[in-house]
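J.: This one is input-v6.csv, CSV, C-alpha atoms and all ligand atoms.
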chain,number,residue,atom,x,y,z
A,1,MET,CA,-18.1,43.1,57.4
A,2,PHE,CA,-17.2,45.5,54.5
A,3,LYS,CA,-18.9,44.8,51.2
A,4,ASN,CA,-17.7,47.7,49.1
A,5,VAL,CA,-14.6,49.7,48.4
A,6,ILE,CA,-14.0,52.7,46.2
A,7,VAL,CA,-10.5,53.2,44.8
A,8,LYS,CA,-9.1,55.5,42.2
A,9,GLU,CA,-6.2,54.9,39.8
A,10,PRO,CA,-3.4,57.4,40.3
A,11,GLY,CA,-2.8,59.7,37.3
A,12,LYS,CA,0.7,60.8,36.0
A,13,SER,CA,0.1,64.1,37.8
A,14,TYR,CA,0.5,62.2,41.1
A,15,LEU,CA,4.2,63.0,40.7
A,16,ASN,CA,3.3,66.7,41.2
A,17,GLY,CA,1.1,66.1,44.2
A,18,LEU,CA,1.5,67.3,47.8
A,19,THR,CA,4.2,65.9,50.1
A,20,THR,CA,6.0,66.7,53.2
A,21,THR,CA,8.5,63.8,53.0
A,22,ASP,CA,12.1,63.8,51.7
A,23,LEU,CA,11.7,60.2,50.4
A,24,GLY,CA,12.3,61.3,46.7
A,25,LYS,CA,10.2,61.4,43.6
A,26,PRO,CA,7.7,58.6,43.1
A,27,ILE,CA,8.3,56.2,40.2
A,28,TYR,CA,5.0,56.2,38.4
A,29,GLU,CA,5.2,52.6,36.9
A,30,LEU,CA,6.0,51.2,40.4
A,31,LEU,CA,3.2,53.2,41.9
A,32,LEU,CA,0.7,51.7,39.4
A,33,GLU,CA,2.0,48.2,40.3
A,34,GLN,CA,1.6,48.9,44.0
A,35,HIS,CA,-1.9,50.3,43.5
A,36,LYS,CA,-2.8,47.2,41.5
A,37,SER,CA,-1.6,44.9,44.3
A,38,TYR,CA,-3.6,47.0,46.7
A,39,VAL,CA,-6.8,46.4,44.7
A,40,GLU,CA,-6.0,42.7,44.4
A,41,ALA,CA,-5.6,42.5,48.2
A,42,LEU,CA,-8.9,44.1,48.7
A,43,GLU,CA,-10.5,41.7,46.3
A,44,LYS,CA,-9.0,38.8,48.3
A,45,CYS,CA,-10.7,40.3,51.4
A,46,GLY,CA,-14.1,39.7,49.6
A,47,VAL,CA,-15.2,43.2,48.7
A,48,GLU,CA,-16.7,44.6,45.6
A,49,VAL,CA,-14.3,47.1,44.1
A,50,THR,CA,-15.5,50.3,42.4
A,51,TYR,CA,-12.5,51.4,40.4
A,52,LEU,CA,-12.4,55.1,39.3
A,53,PRO,CA,-10.3,56.3,36.4
A,54,PRO,CA,-7.4,58.8,37.0
A,55,SER,CA,-8.1,62.5,37.2
A,56,GLU,CA,-5.0,64.4,36.0
A,57,GLU,CA,-6.3,67.7,37.3
A,58,PHE,CA,-6.2,66.4,40.9
A,59,PRO,CA,-2.7,65.0,41.5
A,60,ASP,CA,-3.7,63.6,45.0
A,61,SER,CA,-7.0,62.2,44.1
A,62,THR,CA,-6.0,58.6,44.4
A,63,PHE,CA,-6.2,59.3,48.2
A,64,VAL,CA,-10.0,58.9,48.0
A,65,GLU,CA,-10.3,58.4,51.8
A,66,ASP,CA,-10.0,62.2,52.3
A,67,ALA,CA,-13.1,63.1,50.3
A,68,ALA,CA,-15.8,61.3,52.3
A,69,VAL,CA,-16.6,59.5,55.5
A,70,LEU,CA,-19.0,56.6,55.2
A,71,THR,CA,-21.4,54.8,57.6
A,72,PRO,CA,-24.0,52.1,56.8
A,73,ASN,CA,-26.8,54.7,56.5
A,74,PHE,CA,-25.3,57.9,55.3
A,75,ALA,CA,-22.3,59.6,53.7
A,76,VAL,CA,-20.5,62.7,54.9
A,77,VAL,CA,-18.8,64.5,52.0
A,78,THR,CA,-15.8,66.4,53.5
A,79,ASN,CA,-14.3,69.7,52.7
A,80,PRO,CA,-10.6,68.8,52.2
A,81,GLY,CA,-8.2,71.2,53.7
A,82,ALA,CA,-5.7,71.4,50.9
A,83,GLU,CA,-6.9,73.8,48.2
A,84,SER,CA,-5.5,71.7,45.3
A,85,ARG,CA,-7.6,68.7,46.6
A,86,ASN,CA,-10.9,70.4,47.4
A,87,GLY,CA,-12.5,69.7,44.0
A,88,GLU,CA,-12.0,66.0,44.5
A,89,ILE,CA,-15.3,65.9,46.4
A,90,VAL,CA,-17.4,66.5,43.2
A,91,GLU,CA,-16.6,63.1,41.6
A,92,ILE,CA,-16.8,61.2,44.9
A,93,GLU,CA,-20.2,62.6,45.8
A,94,GLU,CA,-21.5,61.6,42.3
A,95,VAL,CA,-20.1,58.1,42.8
A,96,LEU,CA,-21.6,57.8,46.3
A,97,LYS,CA,-25.0,58.7,44.9
A,98,GLY,CA,-25.0,55.2,43.5
A,99,PHE,CA,-24.7,53.8,47.0
A,100,TYR,CA,-26.4,56.3,49.4
A,101,ASP,CA,-29.6,58.4,49.6
A,102,LYS,CA,-28.6,60.4,52.6
A,103,PHE,CA,-25.7,62.9,52.6
A,104,HIS,CA,-24.2,65.4,55.0
A,105,THR,CA,-21.5,67.9,54.1
A,106,ILE,CA,-18.8,69.8,55.8
A,107,GLN,CA,-19.2,73.5,55.0
A,108,ALA,CA,-16.6,76.3,54.7
A,109,PRO,CA,-15.0,77.8,56.7
A,110,GLY,CA,-14.9,74.2,58.2
A,111,THR,CA,-12.4,71.9,56.6
A,112,LEU,CA,-12.0,68.2,57.2
A,113,ASP,CA,-10.0,65.3,55.5
A,114,GLY,CA,-11.4,61.8,55.9
A,115,GLY,CA,-7.9,60.8,57.0
A,116,ASP,CA,-8.6,62.6,60.2
A,117,VAL,CA,-11.5,60.4,61.1
A,118,LEU,CA,-11.3,57.1,62.8
A,119,GLN,CA,-14.3,54.9,63.5
A,120,ALA,CA,-14.3,52.5,66.4
A,121,GLU,CA,-17.7,50.9,66.6
A,122,ASP,CA,-20.2,53.7,67.4
A,123,HIS,CA,-17.5,56.2,68.3
A,124,PHE,CA,-15.8,58.6,65.9
A,125,TYR,CA,-12.5,60.2,66.7
A,126,ILE,CA,-11.7,63.4,64.8
A,127,GLY,CA,-8.2,64.8,64.5
A,128,ILE,CA,-7.5,68.5,64.2
A,129,SER,CA,-4.6,68.8,61.9
A,130,GLU,CA,-3.0,70.9,59.2
A,131,ARG,CA,-6.0,69.8,57.0
A,132,THR,CA,-8.9,69.6,59.5
A,133,ASN,CA,-9.7,72.7,61.4
A,134,GLU,CA,-11.7,73.2,64.6
A,135,GLU,CA,-14.8,74.3,62.7
A,136,GLY,CA,-14.7,71.2,60.4
A,137,ALA,CA,-14.2,68.9,63.4
A,138,ARG,CA,-17.0,70.7,65.3
A,139,GLN,CA,-19.4,70.3,62.3
A,140,PHE,CA,-18.5,66.6,61.9
A,141,LYS,CA,-19.0,65.9,65.6
A,142,GLU,CA,-22.4,67.6,65.5
A,143,ILE,CA,-23.4,65.5,62.4
A,144,MET,CA,-22.4,62.3,64.0
A,145,GLU,CA,-24.0,63.0,67.3
A,146,SER,CA,-27.3,64.0,65.5
A,147,GLU,CA,-27.1,60.5,63.9
A,148,GLY,CA,-26.7,58.8,67.3
A,149,TYR,CA,-22.9,58.2,67.3
A,150,GLN,CA,-20.4,59.4,69.8
A,151,ALA,CA,-17.6,61.7,68.7
A,152,THR,CA,-14.4,63.0,70.3
A,153,ILE,CA,-12.1,65.7,68.9
A,154,ILE,CA,-8.4,65.0,69.2
A,155,PRO,CA,-6.0,67.9,68.4
A,156,LEU,CA,-2.9,66.4,66.8
A,157,LYS,CA,0.6,67.3,67.9
A,158,GLU,CA,2.8,65.6,65.3
A,159,PHE,CA,1.0,63.2,63.0
A,160,PHE,CA,-0.1,64.3,59.5
A,161,HIS,CA,-3.6,62.9,59.8
A,162,LEU,CA,-5.2,61.1,62.8
A,163,LYS,CA,-5.1,57.8,61.0
A,164,THR,CA,-1.4,58.2,60.2
A,165,GLY,CA,-0.8,56.8,63.7
A,166,ILE,CA,-3.8,54.7,64.6
A,167,ALA,CA,-6.1,52.0,63.4
A,168,TYR,CA,-9.1,50.2,64.8
A,169,LEU,CA,-9.2,46.4,64.3
A,170,GLY,CA,-12.6,45.6,65.9
A,171,ASN,CA,-13.2,43.8,69.3
A,172,ASN,CA,-11.9,46.8,71.2
A,173,LYS,CA,-8.4,46.4,69.7
A,174,MET,CA,-6.5,49.5,68.6
A,175,VAL,CA,-3.2,49.8,66.9
A,176,VAL,CA,-1.5,52.9,68.3
A,177,ALA,CA,1.8,54.7,67.6
A,178,GLY,CA,3.5,57.9,68.8
A,179,GLU,CA,1.4,60.5,70.4
A,180,PHE,CA,-1.6,58.1,70.7
A,181,VAL,CA,0.2,55.5,72.9
A,182,GLU,CA,-0.3,57.4,76.1
A,183,HIS,CA,-3.3,59.3,74.9
A,184,PRO,CA,-6.2,59.2,77.5
A,185,ALA,CA,-8.8,59.0,74.7
A,186,PHE,CA,-7.6,55.6,73.7
A,187,ALA,CA,-6.7,54.2,77.1
A,188,SER,CA,-9.7,52.0,77.3
A,189,TYR,CA,-8.8,50.0,74.2
A,190,ASP,CA,-6.6,46.9,74.1
A,191,GLN,CA,-3.6,48.4,72.4
A,192,ILE,CA,-1.1,47.0,70.0
A,193,VAL,CA,1.7,49.5,70.4
A,194,ILE,CA,3.9,50.2,67.4
A,195,GLY,CA,7.4,51.5,68.1
A,196,LYS,CA,8.9,54.7,66.7
A,197,GLU,CA,10.8,53.0,63.9
A,198,ASP,CA,7.8,51.2,62.7
A,199,GLU,CA,5.4,54.1,63.0
A,200,TYR,CA,4.4,54.0,59.3
A,201,SER,CA,2.8,50.6,59.8
A,202,ALA,CA,0.3,51.9,62.3
A,203,ASN,CA,-1.7,52.9,59.3
A,204,CYS,CA,-3.0,49.4,58.6
A,205,ILE,CA,-6.5,48.3,57.7
A,206,ARG,CA,-8.7,45.6,59.0
A,207,MET,CA,-10.6,44.2,56.0
A,208,ASN,CA,-13.0,41.4,57.0
A,209,ASP,CA,-10.8,38.3,57.8
A,210,PHE,CA,-7.5,40.1,57.1
A,211,VAL,CA,-5.4,43.0,58.3
A,212,ILE,CA,-3.5,44.7,55.5
A,213,ILE,CA,-0.1,46.1,56.5
A,214,PRO,CA,2.8,47.8,54.7
A,215,ALA,CA,5.6,45.4,53.8
A,216,GLY,CA,8.9,45.7,55.7
A,217,TYR,CA,7.6,45.8,59.3
A,218,PRO,CA,8.2,42.3,60.7
A,219,GLU,CA,7.6,43.4,64.3
A,220,THR,CA,4.2,44.8,63.4
A,221,LYS,CA,3.4,41.6,61.4
A,222,ARG,CA,4.5,39.5,64.4
A,223,LYS,CA,2.4,41.5,66.9
A,224,LEU,CA,-0.7,41.3,64.7
A,225,GLU,CA,-0.3,37.6,64.1
A,226,GLU,CA,0.3,37.0,67.8
A,227,ALA,CA,-3.0,38.8,68.4
A,228,GLY,CA,-4.7,36.3,66.1
A,229,TYR,CA,-4.9,38.3,62.8
A,230,GLU,CA,-4.0,37.0,59.4
A,231,THR,CA,-2.0,39.7,57.6
A,232,ILE,CA,-1.5,40.7,54.0
A,233,GLU,CA,1.7,42.7,53.3
A,234,LEU,CA,1.9,45.3,50.6
A,235,GLU,CA,4.7,47.3,49.2
A,236,MET,CA,3.8,51.0,49.7
A,237,SER,CA,7.0,52.9,49.0
A,238,GLU,CA,5.6,55.1,46.2
A,239,VAL,CA,2.5,56.0,48.3
A,240,GLN,CA,4.6,56.7,51.4
A,241,LYS,CA,6.7,59.2,49.3
A,242,HIS,CA,3.6,61.4,49.2
A,243,ASP,CA,2.5,61.0,52.8
A,244,GLY,CA,0.0,58.3,51.9
A,245,GLY,CA,-0.8,55.0,53.7
A,246,LEU,CA,-3.0,52.0,53.3
A,247,SER,CA,-6.2,53.6,54.6
A,248,CYS,CA,-5.9,56.7,52.3
A,249,LEU,CA,-6.2,54.7,49.1
A,250,SER,CA,-9.8,53.5,49.6
A,251,LEU,CA,-13.2,54.2,51.0
A,252,ARG,CA,-14.5,51.1,52.7
A,253,PHE,CA,-18.1,50.4,53.6
A,301,LIG,C1,-1.9,64.9,50.6
A,301,LIG,O1,-1.0,65.7,51.0
A,301,LIG,O2,-3.1,65.3,50.7
A,301,LIG,C2,-1.6,63.6,50.0
A,301,LIG,N1,-0.3,63.7,49.4
A,301,LIG,C3,-1.6,62.5,51.0
A,301,LIG,C4,-2.9,62.2,51.6
A,301,LIG,C5,-2.9,61.1,52.5
A,301,LIG,N2,-4.3,60.8,52.9
A,301,LIG,C6,-4.6,60.2,54.1
A,301,LIG,O3,-3.7,60.1,55.0
A,301,LIG,N3,-5.8,60.0,54.3
Would you encode the structure as structure tokens?
T.:
Amino acid sequence: MFKNVIVKEPGKSYLNGLTTTDLGKPIYELLLEQHKSYVEALEKCGVEVTYLPPSEEFPDSTFVEDAAVLTPNFAVVTNPGAESRNGEIVEIEEVLKGFYDKFHTIQAPGTLDGGDVLQAEDHFYIGISERTNEEGARQFKEIMESEGYQATIIPLKEFFHLKTGIAYLGNNKMVVAGEFVEHPAFASYDQIVIGKEDEYSANCIRMNDFVIIPAGYPETKRKLEEAGYETIELEMSEVQKHDGGLSCLSLRF
């Protein structure tokens, strides 16, 4: 069960944030509405929400997931791979001090974004991407193994972040898309396979009794409901325009 989430309101500078998509300029008012619905959905899932105010100096800082990886007993403060985002960790570490006594950190020249880390029970999967380099992944693996977890490094071929194309639902169930469908590292999981055209919806989040999915993917909704999950659908257009998905907008612990 998750008890807490940390979210951060997007600032107006979000419009100048990083993106690789050609989906157009985000509409700030709509983004705020979508973010509000996201927070309401999390509340419906029964978690306590810590709501951070916007930071205009960090346009991408609403994507709090990238600044830390959380476990029940300790936090790992990352070293985000995009220079414009690196300073985001200062605020997140401060906030996490209210919840954690034990911290690990990823040190330069290692870089790591939380979006490249997927936890499935006691196993962490770490993507090597444009943002997470080999040294960052190696450091993270070492930290997790020293804490008694298993860790596997997965070099990415196409996805932006590891969790862009994969989500763990619990009970050995994994939602997989694209390069992860045939990937040997995930072969032992019961897979819910997401087709190419629905790939964006592979970034969904299991939150206690619900799975939150992006709106507009009826096939994904059907597959999840057939597997016995109750879904909540959220409009994510303005987040998607800047390469973000559902998991990126919160730290869940
Ligand atoms: C970035 O490029 O860093 C942001 N525009 C998107 C980050 C998405 N985060 C995530 O997938 N964890």
J.: Around ligand LIG 301 (chain A), at most 7 Å away and counting all atoms listed in the file, which residues are there? Put them as a VMD selection string, please.
T.: chain A and resid 17 to 19 60 63 65 to 66 82 85 113 to 115 161 163 to 164 242 to 245 247 to 248
J.: Report as a VMD selection string all protein, DNA and RNA residues lying within 12 Å of Arg131 of chain A, evaluated on all atoms listed in the file, omitting residues in the same chain fewer than 5 positions from it.
T.: chain A and resid 66 to 67 78 to 86 110 to 117 126 136 to 137 155 to 156 159 to 162
J.: What does the distance from atom CA of Phe186 of chain A to atom CA of Glu233 of chain A come to in Å, to one decimal?
T.: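 Taking atom CA of Phe186 of chain A and atom CA of Glu233 of chain A, their separation equals 25.9 Å.
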J.: Quick one: residues within 9 Å of segment 92-96 of chain A, all atoms listed in the file, excluding same-chain residues fewer than 6 positions away - as a PDB file with C-alpha atoms, in the coordinates of the input?
T.:
ATOM      1  CA  ILE A   6     -14.000  52.700  46.200  1.00  0.00           C
ATOM      2  CA  LEU A  52     -12.400  55.100  39.300  1.00  0.00           C
ATOM      3  CA  VAL A  64     -10.000  58.900  48.000  1.00  0.00           C
ATOM      4  CA  ALA A  67     -13.100  63.100  50.300  1.00  0.00           C
ATOM      5  CA  ALA A  68     -15.800  61.300  52.300  1.00  0.00           C
ATOM      6  CA  ALA A  75     -22.300  59.600  53.700  1.00  0.00           C
ATOM      7  CA  VAL A  77     -18.800  64.500  52.000  1.00  0.00           C
ATOM      8  CA  PHE A 103     -25.700  62.900  52.600  1.00  0.00           C
TER       9      PHE A 103
END
J.: Using all atoms listed in the file, determine which residues lie at most 6 Å from Glu238 of chain A, disregarding the query and same-chain residues fewer than 3 positions distant; provide the list as JSON, numbers by chain.
T.: {"A": [26, 31, 241]}
J.: Would you mind reading off the distance between atom CA of Glu235 of chain A and atom CA of Tyr217 of chain A, one decimal, in Å?
T.: 10.6 Å
J.: For a quick check of understanding, using all atoms listed in the file, which of A:Lys223, A:Lys196, A:Lys141, A:Lys3 has the smallest distance to Thr50 of chain A?
T.: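 Residue with the minimum atom-to-atom distance to Thr50 of chain A: A:Lys3.
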J.: In Å, how far is it from atom CA of Ala41 of chain A to atom CA of Glu121 of chain A?
T.: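 Going from atom CA of Ala41 of chain A over to atom CA of Glu121 of chain A covers 23.6 Å.
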J.: From the structure just shown, export segment 34-47 of chain A with all heavy atoms as an mmCIF file, in the first residue's frame.
T.:
data_model
loop_
_atom_site.group_PDB
_atom_site.id
_atom_site.type_symbol
_atom_site.label_atom_id
_atom_site.label_comp_id
_atom_site.auth_asym_id
_atom_site.auth_seq_id
_atom_site.Cartn_x
_atom_site.Cartn_y
_atom_site.Cartn_z
ATOM 1 N N GLN A 34 -5.439 19.498 -15.699
ATOM 2 C CA GLN A 34 -5.077 18.070 -15.758
ATOM 3 C C GLN A 34 -4.284 17.680 -14.508
ATOM 4 O O GLN A 34 -4.455 16.589 -13.960
ATOM 5 C CB GLN A 34 -4.297 17.780 -17.046
ATOM 6 C CG GLN A 34 -5.181 17.932 -18.271
ATOM 7 C CD GLN A 34 -4.479 17.675 -19.601
ATOM 8 O OE1 GLN A 34 -3.261 17.505 -19.662
ATOM 9 N NE2 GLN A 34 -5.254 17.661 -20.670
ATOM 10 N N HIS A 35 -3.442 18.595 -14.059
ATOM 11 C CA HIS A 35 -2.651 18.313 -12.854
ATOM 12 C C HIS A 35 -3.570 18.220 -11.636
ATOM 13 O O HIS A 35 -3.396 17.349 -10.768
ATOM 14 C CB HIS A 35 -1.589 19.408 -12.672
ATOM 15 C CG HIS A 35 -0.544 19.050 -11.665
ATOM 16 N ND1 HIS A 35 -0.597 19.469 -10.362
ATOM 17 C CD2 HIS A 35 0.565 18.271 -11.753
ATOM 18 C CE1 HIS A 35 0.440 18.985 -9.700
ATOM 19 N NE2 HIS A 35 1.164 18.250 -10.519
ATOM 20 N N LYS A 36 -4.561 19.090 -11.583
ATOM 21 C CA LYS A 36 -5.523 19.070 -10.470
ATOM 22 C C LYS A 36 -6.287 17.732 -10.459
ATOM 23 O O LYS A 36 -6.453 17.111 -9.401
ATOM 24 C CB LYS A 36 -6.492 20.251 -10.639
ATOM 25 C CG LYS A 36 -7.452 20.456 -9.509
ATOM 26 C CD LYS A 36 -8.080 21.859 -9.596
ATOM 27 C CE LYS A 36 -9.204 22.017 -8.600
ATOM 28 N NZ LYS A 36 -10.519 21.611 -9.119
ATOM 29 N N SER A 37 -6.703 17.289 -11.623
ATOM 30 C CA SER A 37 -7.425 16.005 -11.694
ATOM 31 C C SER A 37 -6.515 14.857 -11.268
ATOM 32 O O SER A 37 -6.964 13.877 -10.660
ATOM 33 C CB SER A 37 -7.905 15.722 -13.121
ATOM 34 O OG SER A 37 -8.724 16.759 -13.548
ATOM 35 N N TYR A 38 -5.246 14.975 -11.607
ATOM 36 C CA TYR A 38 -4.266 13.953 -11.212
ATOM 37 C C TYR A 38 -4.197 13.873 -9.677
ATOM 38 O O TYR A 38 -4.266 12.785 -9.098
ATOM 39 C CB TYR A 38 -2.910 14.339 -11.809
ATOM 40 C CG TYR A 38 -1.759 13.403 -11.511
ATOM 41 C CD1 TYR A 38 -1.622 12.203 -12.200
ATOM 42 C CD2 TYR A 38 -0.784 13.724 -10.554
ATOM 43 C CE1 TYR A 38 -0.557 11.346 -11.952
ATOM 44 C CE2 TYR A 38 0.279 12.877 -10.307
ATOM 45 C CZ TYR A 38 0.390 11.687 -11.010
ATOM 46 O OH TYR A 38 1.453 10.842 -10.757
ATOM 47 N N VAL A 39 -4.107 15.032 -9.047
ATOM 48 C CA VAL A 39 -4.012 15.055 -7.577
ATOM 49 C C VAL A 39 -5.302 14.498 -6.961
ATOM 50 O O VAL A 39 -5.266 13.715 -6.008
ATOM 51 C CB VAL A 39 -3.720 16.497 -7.085
ATOM 52 C CG1 VAL A 39 -3.774 16.583 -5.566
ATOM 53 C CG2 VAL A 39 -2.348 16.959 -7.594
ATOM 54 N N GLU A 40 -6.432 14.862 -7.536
ATOM 55 C CA GLU A 40 -7.712 14.342 -7.018
ATOM 56 C C GLU A 40 -7.787 12.820 -7.156
ATOM 57 O O GLU A 40 -8.288 12.133 -6.275
ATOM 58 C CB GLU A 40 -8.882 14.999 -7.761
ATOM 59 C CG GLU A 40 -9.113 16.431 -7.295
ATOM 60 C CD GLU A 40 -10.033 17.230 -8.217
ATOM 61 O OE1 GLU A 40 -10.548 16.672 -9.221
ATOM 62 O OE2 GLU A 40 -10.204 18.429 -7.935
ATOM 63 N N ALA A 41 -7.260 12.307 -8.263
ATOM 64 C CA ALA A 41 -7.266 10.853 -8.465
ATOM 65 C C ALA A 41 -6.397 10.167 -7.410
ATOM 66 O O ALA A 41 -6.772 9.127 -6.855
ATOM 67 C CB ALA A 41 -6.771 10.509 -9.871
ATOM 68 N N LEU A 42 -5.254 10.765 -7.112
ATOM 69 C CA LEU A 42 -4.384 10.181 -6.088
ATOM 70 C C LEU A 42 -5.089 10.180 -4.737
ATOM 71 O O LEU A 42 -5.025 9.200 -3.985
ATOM 72 C CB LEU A 42 -3.067 10.957 -5.994
ATOM 73 C CG LEU A 42 -2.138 10.859 -7.213
ATOM 74 C CD1 LEU A 42 -0.972 11.816 -7.072
ATOM 75 C CD2 LEU A 42 -1.628 9.439 -7.389
ATOM 76 N N GLU A 43 -5.785 11.273 -4.449
ATOM 77 C CA GLU A 43 -6.520 11.340 -3.170
ATOM 78 C C GLU A 43 -7.585 10.254 -3.108
ATOM 79 O O GLU A 43 -7.776 9.610 -2.083
ATOM 80 C CB GLU A 43 -7.140 12.736 -2.990
ATOM 81 C CG GLU A 43 -6.089 13.748 -2.534
ATOM 82 C CD GLU A 43 -6.538 15.194 -2.658
ATOM 83 O OE1 GLU A 43 -7.547 15.461 -3.347
ATOM 84 O OE2 GLU A 43 -5.843 16.052 -2.069
ATOM 85 N N LYS A 44 -8.224 10.020 -4.234
ATOM 86 C CA LYS A 44 -9.241 8.959 -4.295
ATOM 87 C C LYS A 44 -8.612 7.591 -3.989
ATOM 88 O O LYS A 44 -9.275 6.684 -3.475
ATOM 89 C CB LYS A 44 -9.879 8.958 -5.685
ATOM 90 C CG LYS A 44 -10.945 7.919 -5.867
ATOM 91 C CD LYS A 44 -11.641 8.024 -7.213
ATOM 92 C CE LYS A 44 -12.545 6.810 -7.391
ATOM 93 N NZ LYS A 44 -13.228 6.771 -8.653
ATOM 94 N N CYS A 45 -7.329 7.455 -4.307
ATOM 95 C CA CYS A 45 -6.627 6.182 -4.049
ATOM 96 C C CYS A 45 -6.213 6.047 -2.586
ATOM 97 O O CYS A 45 -5.588 5.055 -2.206
ATOM 98 C CB CYS A 45 -5.402 6.062 -4.945
ATOM 99 S SG CYS A 45 -5.804 6.009 -6.694
ATOM 100 N N GLY A 46 -6.493 7.075 -1.792
ATOM 101 C CA GLY A 46 -6.306 6.956 -0.345
ATOM 102 C C GLY A 46 -4.933 7.353 0.167
ATOM 103 O O GLY A 46 -4.536 6.912 1.244
ATOM 104 N N VAL A 47 -4.231 8.187 -0.574
ATOM 105 C CA VAL A 47 -2.901 8.605 -0.100
ATOM 106 C C VAL A 47 -2.924 10.052 0.384
ATOM 107 O O VAL A 47 -3.781 10.845 -0.005
ATOM 108 C CB VAL A 47 -1.827 8.469 -1.206
ATOM 109 C CG1 VAL A 47 -1.526 7.027 -1.498
ATOM 110 C CG2 VAL A 47 -2.229 9.217 -2.458
#
